[in-house]
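Here the structure is laid out as structure tokens; the discussion comes afterwards.
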Amino acid sequence: MSFIVEIPIGREFSTSADPKQVFRLLADVPRSASHFPKVEQLTDLGGGAYRWEMEKIELAGHTLQQTVYASRYTADEAALAVRWTPLDGVGNALVEGSWHIEAEGSGSRVRLVSKGELTLDFPGLLQPLLQPLVSFEFGRLVDGYVENLQRSFGATS
């Protein structure tokens, strides 16, 4: 038995970094991913696709869950946008989203929009308990990612 947890994400921040500088980091998937907490392995599948393997969640030496997914990334420098779409059949999650960068004064405004669908291999009766915990944990990881990016860029808010 399993169930799906949907995780919508939206974050924005400002930075003193130039929009092109921000774009170059976010468009470089391995470099951007190096800012994301708890990534065990990022594998280049070719053609702009990457497989993400997150650290295992363990309890008493037993693996409870490991999130694995793959997405195809496209970068549009003219639009200052990076987008990713899920690859079906890889792992236990589907993740899509985008980064949008706009000039703001002498710096940038950066916006992240993402949606994940994580399949949890637990009985459905645990869904009401696990869904908010999984959503919270994923949100916490994204917050850490954004904080790491902000430090890298020199964020202003």
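Just remember, in the structure tokens the first chain shown is A, the second B, etc., residues are 1-based per chain, and ligands are 1-based in the order shown.
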Check: Within 9 Å of Asp121 of chain A, counting only C-alpha atoms, which residues qualify if same-chain residues fewer than 5 places away don't, as a ChimeraX atom specification?
Finding: /A:1-4,64-65
Checklist line | Distance query Ser34 of chain A at most 9 Å, only C-alpha atoms, self and fewer than 5 positions along chain excluded, as a PyMOL selection string | finding: chain A and resi 29+39+145
Next item on the list: List every residue of segment 3-149 of chain A that DSSP, applied to the backbone of this structure, places in helix (DSSP H, G or I), and write the result as a ChimeraX atom specification.
Entry: /A:19-27,29-33,124-149
Margin query: Taking 3 positions as the minimum chain separation for residues in the same chain, which residues sit within 12 Å of Ser32 of chain A when counting only C-alpha atoms? Answer as a PyMOL selection string.
Written below: chain A and resi 22-29+35-37+39+42+73+82+99+145-146+148-150+152-153
Next item on the list: Determine, counting only C-alpha atoms, which protein, DNA and RNA residues have an atom within 10 Å of an atom of Asp18 of chain A; residues of the same chain fewer than 3 positions away are not included. Present the result as a list of chain:residue names.
Entry: A:Thr15, A:Gln21, A:Val22, A:Phe23, A:Ile101, A:Glu102, A:Ala103, A:Glu104, A:Gly105, A:Ser106, A:Gly107, A:Ser108, A:Arg109, A:Phe153
Next item on the list: Identify all residues of segment 29-101 of chain A in strand (DSSP E or B) (DSSP on the backbone) and supply them as number ranges by chain.
Entry: A: 39-46, 49-54, 57-59, 62-65, 68-76, 81-86, 93-101
Margin query: Just to confirm, what's the straight-line distance from atom CA of Trp52 of chain A to atom CA of Glu147 of chain A in Å (one decimal)?
Written below: 19.8 Å
Note to self: Given only C-alpha atoms as the basis, pick out the residue of A:Glu12, A:Glu6, A:Glu96, A:Asp143 nearest to Leu120 of chain A.
What the structure shows: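 Of A:Glu12, A:Glu6, A:Glu96, A:Asp143, the one nearest Leu120 of chain A, counting only C-alpha atoms, is A:Glu6.
Between atom CA of Ala78 of chain A and atom CA of Ser98 of chain A lies a distance of 14.7 Å.
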Note to self: One number please: atom CA of Thr67 of chain A to atom CA of Val90 of chain A, in Å, one decimal.
What the structure shows: 10.5 Å
Notebook entry, point to check: What lies within 8 Å of Arg11 of chain A using only C-alpha atoms, ignoring chain neighbours under 3 positions off, as number ranges by chain?
Noted result: A: 111-113, 146
